[in-house]
$ cat query_0.tsv   # TSV, N, CA and C atoms
chain	number	residue	atom	x	y	z
A	175	HIS	N	5.94	-11.18	14.62
A	175	HIS	CA	5.16	-11.31	13.40
A	175	HIS	C	6.08	-11.37	12.20
A	176	CYS	N	5.79	-12.27	11.28
A	176	CYS	CA	6.57	-12.36	10.05
A	176	CYS	C	5.80	-11.69	8.92
A	177	PRO	N	6.45	-10.80	8.19
A	177	PRO	CA	5.78	-10.18	7.06
A	177	PRO	C	5.68	-11.13	5.89
A	178	ARG	N	4.75	-10.89	5.02
A	178	ARG	CA	4.61	-11.66	3.79
A	178	ARG	C	4.94	-10.73	2.64
A	179	LYS	N	5.81	-11.13	1.76
A	179	LYS	CA	6.18	-10.31	0.61
A	179	LYS	C	5.35	-10.71	-0.59
A	180	LEU	N	5.03	-9.74	-1.41
A	180	LEU	CA	4.40	-10.01	-2.70
A	180	LEU	C	5.44	-9.78	-3.78
A	181	GLN	N	5.28	-10.44	-4.88
A	181	GLN	CA	6.30	-10.37	-5.92
A	181	GLN	C	6.32	-9.03	-6.65
A	182	THR	N	5.16	-8.49	-6.98
A	182	THR	CA	5.16	-7.24	-7.73
A	182	THR	C	4.08	-6.31	-7.23
A	183	ALA	N	4.31	-5.04	-7.41
A	183	ALA	CA	3.32	-4.01	-7.09
A	183	ALA	C	3.40	-2.95	-8.16
A	184	CYS	N	2.32	-2.28	-8.40
A	184	CYS	CA	2.35	-1.21	-9.36
A	184	CYS	C	1.60	-0.03	-8.77
A	185	ASN	N	2.12	1.14	-9.00
A	185	ASN	CA	1.58	2.36	-8.42
A	185	ASN	C	0.67	3.03	-9.44
A	186	THR	N	-0.53	3.37	-9.02
A	186	THR	CA	-1.47	4.07	-9.87
A	186	THR	C	-1.77	5.43	-9.24
A	187	LEU	N	-1.49	6.49	-9.97
A	187	LEU	CA	-1.82	7.83	-9.47
A	187	LEU	C	-3.22	8.19	-9.95
A	188	ARG	N	-3.95	8.87	-9.09
A	188	ARG	CA	-5.26	9.33	-9.53
A	188	ARG	C	-5.50	10.73	-9.02
A	189	GLN	N	-6.22	11.47	-9.77
A	189	GLN	CA	-6.52	12.86	-9.44
A	189	GLN	C	-7.92	12.90	-8.84
A	190	GLU	N	-8.03	13.41	-7.64
A	190	GLU	CA	-9.34	13.57	-7.00
A	190	GLU	C	-9.97	14.87	-7.50
A	191	HIS	N	-10.97	15.35	-6.82
A	191	HIS	CA	-11.63	16.60	-7.19
A	191	HIS	C	-10.86	17.82	-6.71
A	192	SER	N	-9.61	17.65	-6.40
A	192	SER	CA	-8.78	18.75	-5.93
A	192	SER	C	-7.44	18.67	-6.66
A	193	PRO	N	-6.62	19.70	-6.53
A	193	PRO	CA	-5.33	19.65	-7.22
A	193	PRO	C	-4.33	18.68	-6.57
A	194	ARG	N	-4.67	18.12	-5.41
A	194	ARG	CA	-3.77	17.17	-4.74
A	194	ARG	C	-3.79	15.84	-5.45
A	195	ARG	N	-2.63	15.22	-5.55
A	195	ARG	CA	-2.53	13.90	-6.16
A	195	ARG	C	-2.40	12.86	-5.07
A	196	SER	N	-3.13	11.77	-5.22
A	196	SER	CA	-3.02	10.68	-4.26
A	196	SER	C	-2.65	9.42	-5.02
A	197	GLY	N	-2.08	8.47	-4.31
A	197	GLY	CA	-1.62	7.25	-4.95
A	197	GLY	C	-2.25	6.01	-4.36
A	198	CYS	N	-2.36	5.00	-5.19
A	198	CYS	CA	-2.79	3.68	-4.77
A	198	CYS	C	-1.70	2.70	-5.12
A	199	ILE	N	-1.58	1.65	-4.35
A	199	ILE	CA	-0.69	0.55	-4.69
A	199	ILE	C	-1.59	-0.59	-5.13
A	200	ASP	N	-1.52	-0.95	-6.40
A	200	ASP	CA	-2.27	-2.07	-6.93
A	200	ASP	C	-1.33	-3.26	-7.01
A	201	LEU	N	-1.73	-4.36	-6.39
A	201	LEU	CA	-0.89	-5.55	-6.29
A	201	LEU	C	-1.37	-6.64	-7.23
A	202	VAL	N	-0.49	-7.58	-7.52
A	202	VAL	CA	-0.86	-8.68	-8.41
A	202	VAL	C	-1.55	-9.82	-7.65
A	203	GLN	N	-1.63	-9.72	-6.34
A	203	GLN	CA	-2.32	-10.70	-5.52
A	203	GLN	C	-3.36	-9.98	-4.68
A	204	SER	N	-4.43	-10.70	-4.34
A	204	SER	CA	-5.43	-10.15	-3.44
A	204	SER	C	-4.94	-10.29	-2.01
A	205	LEU	N	-5.27	-9.31	-1.18
A	205	LEU	CA	-4.91	-9.32	0.23
A	205	LEU	C	-6.14	-9.64	1.07
A	206	LYS	N	-5.89	-10.14	2.26
A	206	LYS	CA	-6.96	-10.34	3.24
A	206	LYS	C	-7.24	-9.00	3.91
A	207	PRO	N	-8.39	-8.86	4.56
A	207	PRO	CA	-8.69	-7.60	5.27
A	207	PRO	C	-7.69	-7.26	6.37
A	208	THR	N	-6.91	-8.23	6.81
A	208	THR	CA	-5.93	-8.00	7.88
A	208	THR	C	-4.52	-7.71	7.34
A	209	GLU	N	-4.37	-7.58	6.03
A	209	GLU	CA	-3.07	-7.34	5.42
A	209	GLU	C	-2.98	-5.93	4.84
A	210	GLY	N	-1.77	-5.38	4.89
A	210	GLY	CA	-1.55	-4.06	4.33
A	210	GLY	C	-0.07	-3.76	4.21
A	211	CYS	N	0.23	-2.50	3.87
A	211	CYS	CA	1.61	-2.03	3.70
A	211	CYS	C	1.91	-0.94	4.72
A	212	TRP	N	3.19	-0.80	5.04
A	212	TRP	CA	3.65	0.25	5.94
A	212	TRP	C	3.90	1.52	5.14
A	213	LEU	N	3.20	2.60	5.50
A	213	LEU	CA	3.29	3.88	4.79
A	213	LEU	C	3.47	5.01	5.78
A	214	GLY	N	4.07	6.10	5.31
A	214	GLY	CA	4.21	7.26	6.19
A	214	GLY	C	4.76	8.47	5.48
A	215	SER	N	4.68	9.60	6.15
A	215	SER	CA	5.25	10.82	5.60
A	215	SER	C	6.69	11.00	6.07
A	216	SER	N	7.17	10.04	6.83
A	216	SER	CA	8.57	10.00	7.27
A	216	SER	C	9.04	8.57	7.10
A	217	ALA	N	10.28	8.39	6.69
A	217	ALA	CA	10.79	7.04	6.49
A	217	ALA	C	11.03	6.33	7.83
A	218	LYS	N	11.01	7.06	8.94
A	218	LYS	CA	11.27	6.46	10.25
A	218	LYS	C	10.00	6.20	11.06
A	219	ILE	N	8.90	6.83	10.70
A	219	ILE	CA	7.64	6.63	11.41
A	219	ILE	C	6.59	6.27	10.37
A	220	MET	N	6.08	5.04	10.47
A	220	MET	CA	5.13	4.56	9.47
A	220	MET	C	3.92	3.96	10.16
A	221	ALA	N	2.84	3.87	9.41
A	221	ALA	CA	1.60	3.26	9.89
A	221	ALA	C	1.20	2.14	8.94
A	222	LEU	N	0.58	1.12	9.49
A	222	LEU	CA	0.08	0.03	8.66
A	222	LEU	C	-1.23	0.46	8.03
A	223	VAL	N	-1.28	0.50	6.71
A	223	VAL	CA	-2.50	0.86	5.98
A	223	VAL	C	-3.02	-0.42	5.34
A	224	LEU	N	-4.22	-0.82	5.76
A	224	LEU	CA	-4.79	-2.07	5.28
A	224	LEU	C	-5.34	-1.94	3.87
A	225	SER	N	-5.48	-3.08	3.22
A	225	SER	CA	-6.02	-3.11	1.86
A	225	SER	C	-7.49	-2.73	1.87
A	226	GLU	N	-8.04	-2.57	0.68
A	226	GLU	CA	-9.46	-2.25	0.54
A	226	GLU	C	-10.28	-3.54	0.44
A	227	ALA	N	-9.86	-4.59	1.15
A	227	ALA	CA	-10.54	-5.89	1.09
A	227	ALA	C	-11.81	-5.93	1.92
A	228	ALA	N	-11.96	-5.04	2.88
A	228	ALA	CA	-13.15	-5.05	3.75
A	228	ALA	C	-14.40	-4.70	2.94
A	229	GLN	N	-15.49	-5.34	3.28
A	229	GLN	CA	-16.76	-5.07	2.62
A	229	GLN	C	-17.34	-3.75	3.10
A	230	SER	N	-17.96	-3.00	2.21
A	230	SER	CA	-18.57	-1.72	2.54
A	230	SER	C	-19.79	-1.50	1.66
A	231	SER	N	-20.78	-0.80	2.19
A	231	SER	CA	-21.95	-0.47	1.37
A	231	SER	C	-21.69	0.74	0.48
A	232	PHE	N	-20.56	1.41	0.68
A	232	PHE	CA	-20.24	2.63	-0.08
A	232	PHE	C	-19.43	2.36	-1.34
A	233	VAL	N	-18.48	1.43	-1.28
A	233	VAL	CA	-17.63	1.11	-2.43
A	233	VAL	C	-17.44	-0.39	-2.51
A	234	PRO	N	-17.18	-0.93	-3.70
A	234	PRO	CA	-16.93	-2.37	-3.80
A	234	PRO	C	-15.57	-2.73	-3.19
A	235	SER	N	-15.44	-3.97	-2.77
A	235	SER	CA	-14.19	-4.47	-2.22
A	235	SER	C	-13.13	-4.50	-3.32
A	236	ARG	N	-11.93	-4.05	-2.99
A	236	ARG	CA	-10.80	-4.11	-3.92
A	236	ARG	C	-9.61	-4.71	-3.16
A	237	PRO	N	-9.58	-6.02	-3.00
A	237	PRO	CA	-8.56	-6.65	-2.16
A	237	PRO	C	-7.14	-6.55	-2.73
A	238	PHE	N	-7.00	-6.11	-3.95
A	238	PHE	CA	-5.69	-5.95	-4.57
A	238	PHE	C	-5.13	-4.55	-4.36
A	239	ARG	N	-5.88	-3.63	-3.75
A	239	ARG	CA	-5.50	-2.22	-3.69
A	239	ARG	C	-5.31	-1.73	-2.26
A	240	ILE	N	-4.29	-0.86	-2.12
A	240	ILE	CA	-4.07	-0.11	-0.89
A	240	ILE	C	-4.16	1.36	-1.25
A	241	ASN	N	-5.11	2.06	-0.66
A	241	ASN	CA	-5.26	3.49	-0.90
A	241	ASN	C	-4.21	4.18	-0.04
A	242	ALA	N	-3.11	4.55	-0.66
A	242	ALA	CA	-1.90	4.91	0.06
A	242	ALA	C	-1.78	6.38	0.43
A	243	GLY	N	-2.55	7.26	-0.16
A	243	GLY	CA	-2.48	8.67	0.22
A	243	GLY	C	-1.60	9.49	-0.70
A	244	PRO	N	-1.05	10.60	-0.19
A	244	PRO	CA	-0.28	11.53	-1.02
A	244	PRO	C	0.94	10.86	-1.66
A	245	VAL	N	1.28	11.29	-2.88
A	245	VAL	CA	2.39	10.66	-3.60
A	245	VAL	C	3.74	10.92	-2.95
A	246	HIS	N	3.81	11.86	-1.99
A	246	HIS	CA	5.07	12.09	-1.29
A	246	HIS	C	5.20	11.19	-0.05
A	247	SER	N	4.25	10.26	0.14
A	247	SER	CA	4.34	9.30	1.24
A	247	SER	C	5.38	8.23	0.91
A	248	TYR	N	5.99	7.70	1.96
A	248	TYR	CA	6.93	6.59	1.82
A	248	TYR	C	6.20	5.27	1.94
A	249	VAL	N	6.73	4.23	1.28
A	249	VAL	CA	6.26	2.86	1.44
A	249	VAL	C	7.47	1.99	1.74
A	250	LEU	N	7.30	1.03	2.67
A	250	LEU	CA	8.38	0.12	3.02
A	250	LEU	C	8.50	-0.95	1.93
A	251	MET	N	9.71	-1.13	1.44
A	251	MET	CA	9.95	-2.05	0.33
A	251	MET	C	10.10	-3.49	0.83
A	252	GLY	N	10.15	-4.42	-0.10
A	252	GLY	CA	10.18	-5.85	0.20
A	252	GLY	C	11.34	-6.33	1.03
A	253	ASP	N	12.44	-5.57	1.04
A	253	ASP	CA	13.59	-5.99	1.86
A	253	ASP	C	13.38	-5.67	3.34
A	254	GLY	N	12.30	-4.95	3.67
A	254	GLY	CA	11.99	-4.62	5.06
A	254	GLY	C	12.83	-3.51	5.64
A	255	VAL	N	13.68	-2.88	4.82
A	255	VAL	CA	14.58	-1.84	5.30
A	255	VAL	C	14.45	-0.55	4.49
A	256	SER	N	14.48	-0.66	3.19
A	256	SER	CA	14.48	0.53	2.33
A	256	SER	C	13.05	1.03	2.09
A	257	THR	N	12.97	2.29	1.69
A	257	THR	CA	11.68	2.91	1.39
A	257	THR	C	11.77	3.59	0.03
A	258	LYS	N	10.61	3.86	-0.53
A	258	LYS	CA	10.49	4.67	-1.75
A	258	LYS	C	9.29	5.57	-1.57
A	259	TYR	N	9.34	6.72	-2.25
A	259	TYR	CA	8.13	7.53	-2.36
A	259	TYR	C	7.13	6.77	-3.23
A	260	LEU	N	5.84	6.97	-2.98
A	260	LEU	CA	4.82	6.33	-3.83
A	260	LEU	C	5.04	6.69	-5.28
A	261	SER	N	5.45	7.93	-5.53
A	261	SER	CA	5.66	8.38	-6.91
A	261	SER	C	6.83	7.67	-7.58
A	262	GLU	N	7.69	7.01	-6.82
A	262	GLU	CA	8.84	6.30	-7.37
A	262	GLU	C	8.56	4.83	-7.66
A	263	LEU	N	7.45	4.28	-7.16
A	263	LEU	CA	7.14	2.86	-7.38
A	263	LEU	C	6.91	2.59	-8.86
A	264	ARG	N	7.38	1.44	-9.29
A	264	ARG	CA	7.20	0.99	-10.66
A	264	ARG	C	6.70	-0.45	-10.64
A	265	ALA	N	6.07	-0.86	-11.72
A	265	ALA	CA	5.62	-2.25	-11.84
A	265	ALA	C	6.81	-3.17	-11.63
A	266	GLY	N	6.64	-4.19	-10.83
A	266	GLY	CA	7.70	-5.14	-10.53
A	266	GLY	C	8.41	-4.87	-9.22
A	267	ASP	N	8.24	-3.67	-8.64
A	267	ASP	CA	8.83	-3.38	-7.34
A	267	ASP	C	8.18	-4.25	-6.27
A	268	GLU	N	8.97	-4.78	-5.35
A	268	GLU	CA	8.44	-5.56	-4.24
A	268	GLU	C	8.20	-4.64	-3.05
A	269	VAL	N	6.99	-4.69	-2.50
A	269	VAL	CA	6.66	-3.96	-1.28
A	269	VAL	C	6.41	-4.97	-0.18
A	270	LEU	N	6.65	-4.57	1.05
A	270	LEU	CA	6.43	-5.45	2.19
A	270	LEU	C	4.94	-5.45	2.54
A	271	VAL	N	4.36	-6.62	2.64
A	271	VAL	CA	2.97	-6.77	3.05
A	271	VAL	C	2.96	-7.44	4.40
A	272	PHE	N	2.23	-6.86	5.35
A	272	PHE	CA	2.20	-7.33	6.72
A	272	PHE	C	0.79	-7.80	7.06
A	273	ASP	N	0.70	-8.94	7.73
A	273	ASP	CA	-0.58	-9.48	8.16
A	273	ASP	C	-0.65	-9.37	9.70
A	274	VAL	N	-1.62	-8.64	10.21
A	274	VAL	CA	-1.72	-8.43	11.65
A	274	VAL	C	-2.08	-9.71	12.40
A	275	GLU	N	-2.55	-10.73	11.69
A	275	GLU	CA	-2.94	-11.99	12.33
A	275	GLU	C	-1.84	-13.03	12.30
A	276	MET	N	-0.72	-12.79	11.64
A	276	MET	CA	0.35	-13.79	11.59
A	276	MET	C	1.04	-13.92	12.92
A	277	GLU	N	1.28	-15.12	13.33
A	277	GLU	CA	1.98	-15.39	14.59
A	277	GLU	C	3.39	-15.82	14.30

$ encode --input "query_0.tsv" --output "C-alpha cells"
Amino acid sequence: HCPRKLQTACNTLRQEHSPRRSGCIDLVQSLKPTEGCWLGSSAKIMALVLSEAAQSSFVPSRPFRINAGPVHSYVLMGDGVSTKYLSELRAGDEVLVFDVEME
C-alpha cells in the first residue's frame, strides 16, 4: 500500500467534560472514509485512526478531521519515519495519510 501525504495539518485541542485534554487533527483536504492517520501511545506501535468522514445519525460528517485522542499520543509524520506528539503539531506540518483501499 502506498500512503498519500497531505500538504498541511493543524492540531486543535479541545477540552471535554473532564480535565483530560484530547486532540483533533484538522486537515486542509477532506478524507475518504477509508483514509486516516497512524496514531499511538508509543512511537513503535501505532493504529490507523480513520477520519470522521463516515455518516452517522449522532454527529455530522467531518471528513477533514481525525479525532486523535490524548495530546500525549504520537502521530506519524509525512516522511513516514518520524513522529510528533499531538501537542507538538503546528499548522503546516505534514502528516502521513493512509488509505486502506490503495493497491

$ closest_residue --input "query_0.tsv" --among "A:Ile240, A:Leu260, A:Leu250, A:Cys211" --to "A:Ala228" --atoms "only C-alpha atoms"
A:Ile240

$ select_by_dssp --input "query_0.tsv" --residues "stretch 195-237 of chain A" --states "strand (DSSP E)" --output "PyMOL selection string"
chain A and resi 195-201+209-214+221-224

$ residues_around --input "query_0.tsv" --residues "A:Thr257" --least-positions-apart "2" --cutoff "12 Å" --atoms "only C-alpha atoms" --output "JSON, numbers by chain"
{"A": [211, 212, 213, 214, 215, 216, 217, 218, 219, 220, 246, 247, 248, 249, 250, 251, 252, 253, 254, 255, 259, 260, 261, 262, 263, 267, 268, 269, 270]}

$ write_last_selection --input "query_0.tsv" --atoms "N, CA and C atoms" --output "PDB file, in the frame of the given file"
ATOM      1  N   CYS A 211       0.230  -2.500   3.870  1.00  0.00           N
ATOM      2  CA  CYS A 211       1.610  -2.030   3.700  1.00  0.00           C
ATOM      3  C   CYS A 211       1.910  -0.940   4.720  1.00  0.00           C
ATOM      4  N   TRP A 212       3.190  -0.800   5.040  1.00  0.00           N
ATOM      5  CA  TRP A 212       3.650   0.250   5.940  1.00  0.00           C
ATOM      6  C   TRP A 212       3.900   1.520   5.140  1.00  0.00           C
ATOM      7  N   LEU A 213       3.200   2.600   5.500  1.00  0.00           N
ATOM      8  CA  LEU A 213       3.290   3.880   4.790  1.00  0.00           C
ATOM      9  C   LEU A 213       3.470   5.010   5.780  1.00  0.00           C
ATOM     10  N   GLY A 214       4.070   6.100   5.310  1.00  0.00           N
ATOM     11  CA  GLY A 214       4.210   7.260   6.190  1.00  0.00           C
ATOM     12  C   GLY A 214       4.760   8.470   5.480  1.00  0.00           C
ATOM     13  N   SER A 215       4.680   9.600   6.150  1.00  0.00           N
ATOM     14  CA  SER A 215       5.250  10.820   5.600  1.00  0.00           C
ATOM     15  C   SER A 215       6.690  11.000   6.070  1.00  0.00           C
ATOM     16  N   SER A 216       7.170  10.040   6.830  1.00  0.00           N
ATOM     17  CA  SER A 216       8.570  10.000   7.270  1.00  0.00           C
ATOM     18  C   SER A 216       9.040   8.570   7.100  1.00  0.00           C
ATOM     19  N   ALA A 217      10.280   8.390   6.690  1.00  0.00           N
ATOM     20  CA  ALA A 217      10.790   7.040   6.490  1.00  0.00           C
ATOM     21  C   ALA A 217      11.030   6.330   7.830  1.00  0.00           C
ATOM     22  N   LYS A 218      11.010   7.060   8.940  1.00  0.00           N
ATOM     23  CA  LYS A 218      11.270   6.460  10.250  1.00  0.00           C
ATOM     24  C   LYS A 218      10.000   6.200  11.060  1.00  0.00           C
ATOM     25  N   ILE A 219       8.900   6.830  10.700  1.00  0.00           N
ATOM     26  CA  ILE A 219       7.640   6.630  11.410  1.00  0.00           C
ATOM     27  C   ILE A 219       6.590   6.270  10.370  1.00  0.00           C
ATOM     28  N   MET A 220       6.080   5.040  10.470  1.00  0.00           N
ATOM     29  CA  MET A 220       5.130   4.560   9.470  1.00  0.00           C
ATOM     30  C   MET A 220       3.920   3.960  10.160  1.00  0.00           C
ATOM     31  N   HIS A 246       3.810  11.860  -1.990  1.00  0.00           N
ATOM     32  CA  HIS A 246       5.070  12.090  -1.290  1.00  0.00           C
ATOM     33  C   HIS A 246       5.200  11.190  -0.050  1.00  0.00           C
ATOM     34  N   SER A 247       4.250  10.260   0.140  1.00  0.00           N
ATOM     35  CA  SER A 247       4.340   9.300   1.240  1.00  0.00           C
ATOM     36  C   SER A 247       5.380   8.230   0.910  1.00  0.00           C
ATOM     37  N   TYR A 248       5.990   7.700   1.960  1.00  0.00           N
ATOM     38  CA  TYR A 248       6.930   6.590   1.820  1.00  0.00           C
ATOM     39  C   TYR A 248       6.200   5.270   1.940  1.00  0.00           C
ATOM     40  N   VAL A 249       6.730   4.230   1.280  1.00  0.00           N
ATOM     41  CA  VAL A 249       6.260   2.860   1.440  1.00  0.00           C
ATOM     42  C   VAL A 249       7.470   1.990   1.740  1.00  0.00           C
ATOM     43  N   LEU A 250       7.300   1.030   2.670  1.00  0.00           N
ATOM     44  CA  LEU A 250       8.380   0.120   3.020  1.00  0.00           C
ATOM     45  C   LEU A 250       8.500  -0.950   1.930  1.00  0.00           C
ATOM     46  N   MET A 251       9.710  -1.130   1.440  1.00  0.00           N
ATOM     47  CA  MET A 251       9.950  -2.050   0.330  1.00  0.00           C
ATOM     48  C   MET A 251      10.100  -3.490   0.830  1.00  0.00           C
ATOM     49  N   GLY A 252      10.150  -4.420  -0.100  1.00  0.00           N
ATOM     50  CA  GLY A 252      10.180  -5.850   0.200  1.00  0.00           C
ATOM     51  C   GLY A 252      11.340  -6.330   1.030  1.00  0.00           C
ATOM     52  N   ASP A 253      12.440  -5.570   1.040  1.00  0.00           N
ATOM     53  CA  ASP A 253      13.590  -5.990   1.860  1.00  0.00           C
ATOM     54  C   ASP A 253      13.380  -5.670   3.340  1.00  0.00           C
ATOM     55  N   GLY A 254      12.300  -4.950   3.670  1.00  0.00           N
ATOM     56  CA  GLY A 254      11.990  -4.620   5.060  1.00  0.00           C
ATOM     57  C   GLY A 254      12.830  -3.510   5.640  1.00  0.00           C
ATOM     58  N   VAL A 255      13.680  -2.880   4.820  1.00  0.00           N
ATOM     59  CA  VAL A 255      14.580  -1.840   5.300  1.00  0.00           C
ATOM     60  C   VAL A 255      14.450  -0.550   4.490  1.00  0.00           C
ATOM     61  N   TYR A 259       9.340   6.720  -2.250  1.00  0.00           N
ATOM     62  CA  TYR A 259       8.130   7.530  -2.360  1.00  0.00           C
ATOM     63  C   TYR A 259       7.130   6.770  -3.230  1.00  0.00           C
ATOM     64  N   LEU A 260       5.840   6.970  -2.980  1.00  0.00           N
ATOM     65  CA  LEU A 260       4.820   6.330  -3.830  1.00  0.00           C
ATOM     66  C   LEU A 260       5.040   6.690  -5.280  1.00  0.00           C
ATOM     67  N   SER A 261       5.450   7.930  -5.530  1.00  0.00           N
ATOM     68  CA  SER A 261       5.660   8.380  -6.910  1.00  0.00           C
ATOM     69  C   SER A 261       6.830   7.670  -7.580  1.00  0.00           C
ATOM     70  N   GLU A 262       7.690   7.010  -6.820  1.00  0.00           N
ATOM     71  CA  GLU A 262       8.840   6.300  -7.370  1.00  0.00           C
ATOM     72  C   GLU A 262       8.560   4.830  -7.660  1.00  0.00           C
ATOM     73  N   LEU A 263       7.450   4.280  -7.160  1.00  0.00           N
ATOM     74  CA  LEU A 263       7.140   2.860  -7.380  1.00  0.00           C
ATOM     75  C   LEU A 263       6.910   2.590  -8.860  1.00  0.00           C
ATOM     76  N   ASP A 267       8.240  -3.670  -8.640  1.00  0.00           N
ATOM     77  CA  ASP A 267       8.830  -3.380  -7.340  1.00  0.00           C
ATOM     78  C   ASP A 267       8.180  -4.250  -6.270  1.00  0.00           C
ATOM     79  N   GLU A 268       8.970  -4.780  -5.350  1.00  0.00           N
ATOM     80  CA  GLU A 268       8.440  -5.560  -4.240  1.00  0.00           C
ATOM     81  C   GLU A 268       8.200  -4.640  -3.050  1.00  0.00           C
ATOM     82  N   VAL A 269       6.990  -4.690  -2.500  1.00  0.00           N
ATOM     83  CA  VAL A 269       6.660  -3.960  -1.280  1.00  0.00           C
ATOM     84  C   VAL A 269       6.410  -4.970  -0.180  1.00  0.00           C
ATOM     85  N   LEU A 270       6.650  -4.570   1.050  1.00  0.00           N
ATOM     86  CA  LEU A 270       6.430  -5.450   2.190  1.00  0.00           C
ATOM     87  C   LEU A 270       4.940  -5.450   2.540  1.00  0.00           C
TER      88      LEU A 270
END

$ closest_residue --input "query_0.tsv" --among "A:Ile199, A:Ser235, A:Ser204, A:Gly266" --to "A:Val223" --atoms "only C-alpha atoms"
A:Ile199

$ axis_aligned_box --input "query_0.tsv" --around "stretch 245-255 of chain A" --padding-each-side "8 Å" --output "JSON"
{"center_x": 7.9, "center_y": 2.9, "center_z": 1.0, "size_x": 29.3, "size_y": 34.4, "size_z": 25.2}

$ closest_residue --input "query_0.tsv" --among "A:Ala265, A:Ala242, A:Ala227, A:Val271" --to "A:Gly210" --atoms "only N, CA and C atoms"
A:Val271

$ atom_distance --input "query_0.tsv" --atom1 "atom N of A:Ser256" --atom2 "atom C of A:Pro237"
23.2 Å

$ atom_distance --input "query_0.tsv" --atom1 "atom CA of A:Gln229" --atom2 "atom CA of A:Arg264"
28.1 Å

$ atom_distance --input "query_0.tsv" --atom1 "atom CA of A:Val233" --atom2 "atom CA of A:Phe272"
23.4 Å

$ residues_around --input "query_0.tsv" --residues "A:Arg239" --least-positions-apart "2" --cutoff "5 Å" --atoms "only N, CA and C atoms" --output "PyMOL selection string"
chain A and resi 199-201+225-226+236-237+241

$ write_last_selection --input "query_0.tsv" --atoms "N, CA and C atoms" --output "compact mmCIF listing (two decimals), in the coordinates of the input"
# COMPACT_ATOMS: atom_id res chain seq x y z
N ILE A 199 -1.58 1.65 -4.35
CA ILE A 199 -0.69 0.55 -4.69
C ILE A 199 -1.59 -0.59 -5.13
N ASP A 200 -1.52 -0.95 -6.40
CA ASP A 200 -2.27 -2.07 -6.93
C ASP A 200 -1.33 -3.26 -7.01
N LEU A 201 -1.73 -4.36 -6.39
CA LEU A 201 -0.89 -5.55 -6.29
C LEU A 201 -1.37 -6.64 -7.23
N SER A 225 -5.48 -3.08 3.22
CA SER A 225 -6.02 -3.11 1.86
C SER A 225 -7.49 -2.73 1.87
N GLU A 226 -8.04 -2.57 0.68
CA GLU A 226 -9.46 -2.25 0.54
C GLU A 226 -10.28 -3.54 0.44
N ARG A 236 -11.93 -4.05 -2.99
CA ARG A 236 -10.80 -4.11 -3.92
C ARG A 236 -9.61 -4.71 -3.16
N PRO A 237 -9.58 -6.02 -3.00
CA PRO A 237 -8.56 -6.65 -2.16
C PRO A 237 -7.14 -6.55 -2.73
N ASN A 241 -5.11 2.06 -0.66
CA ASN A 241 -5.26 3.49 -0.90
C ASN A 241 -4.21 4.18 -0.04
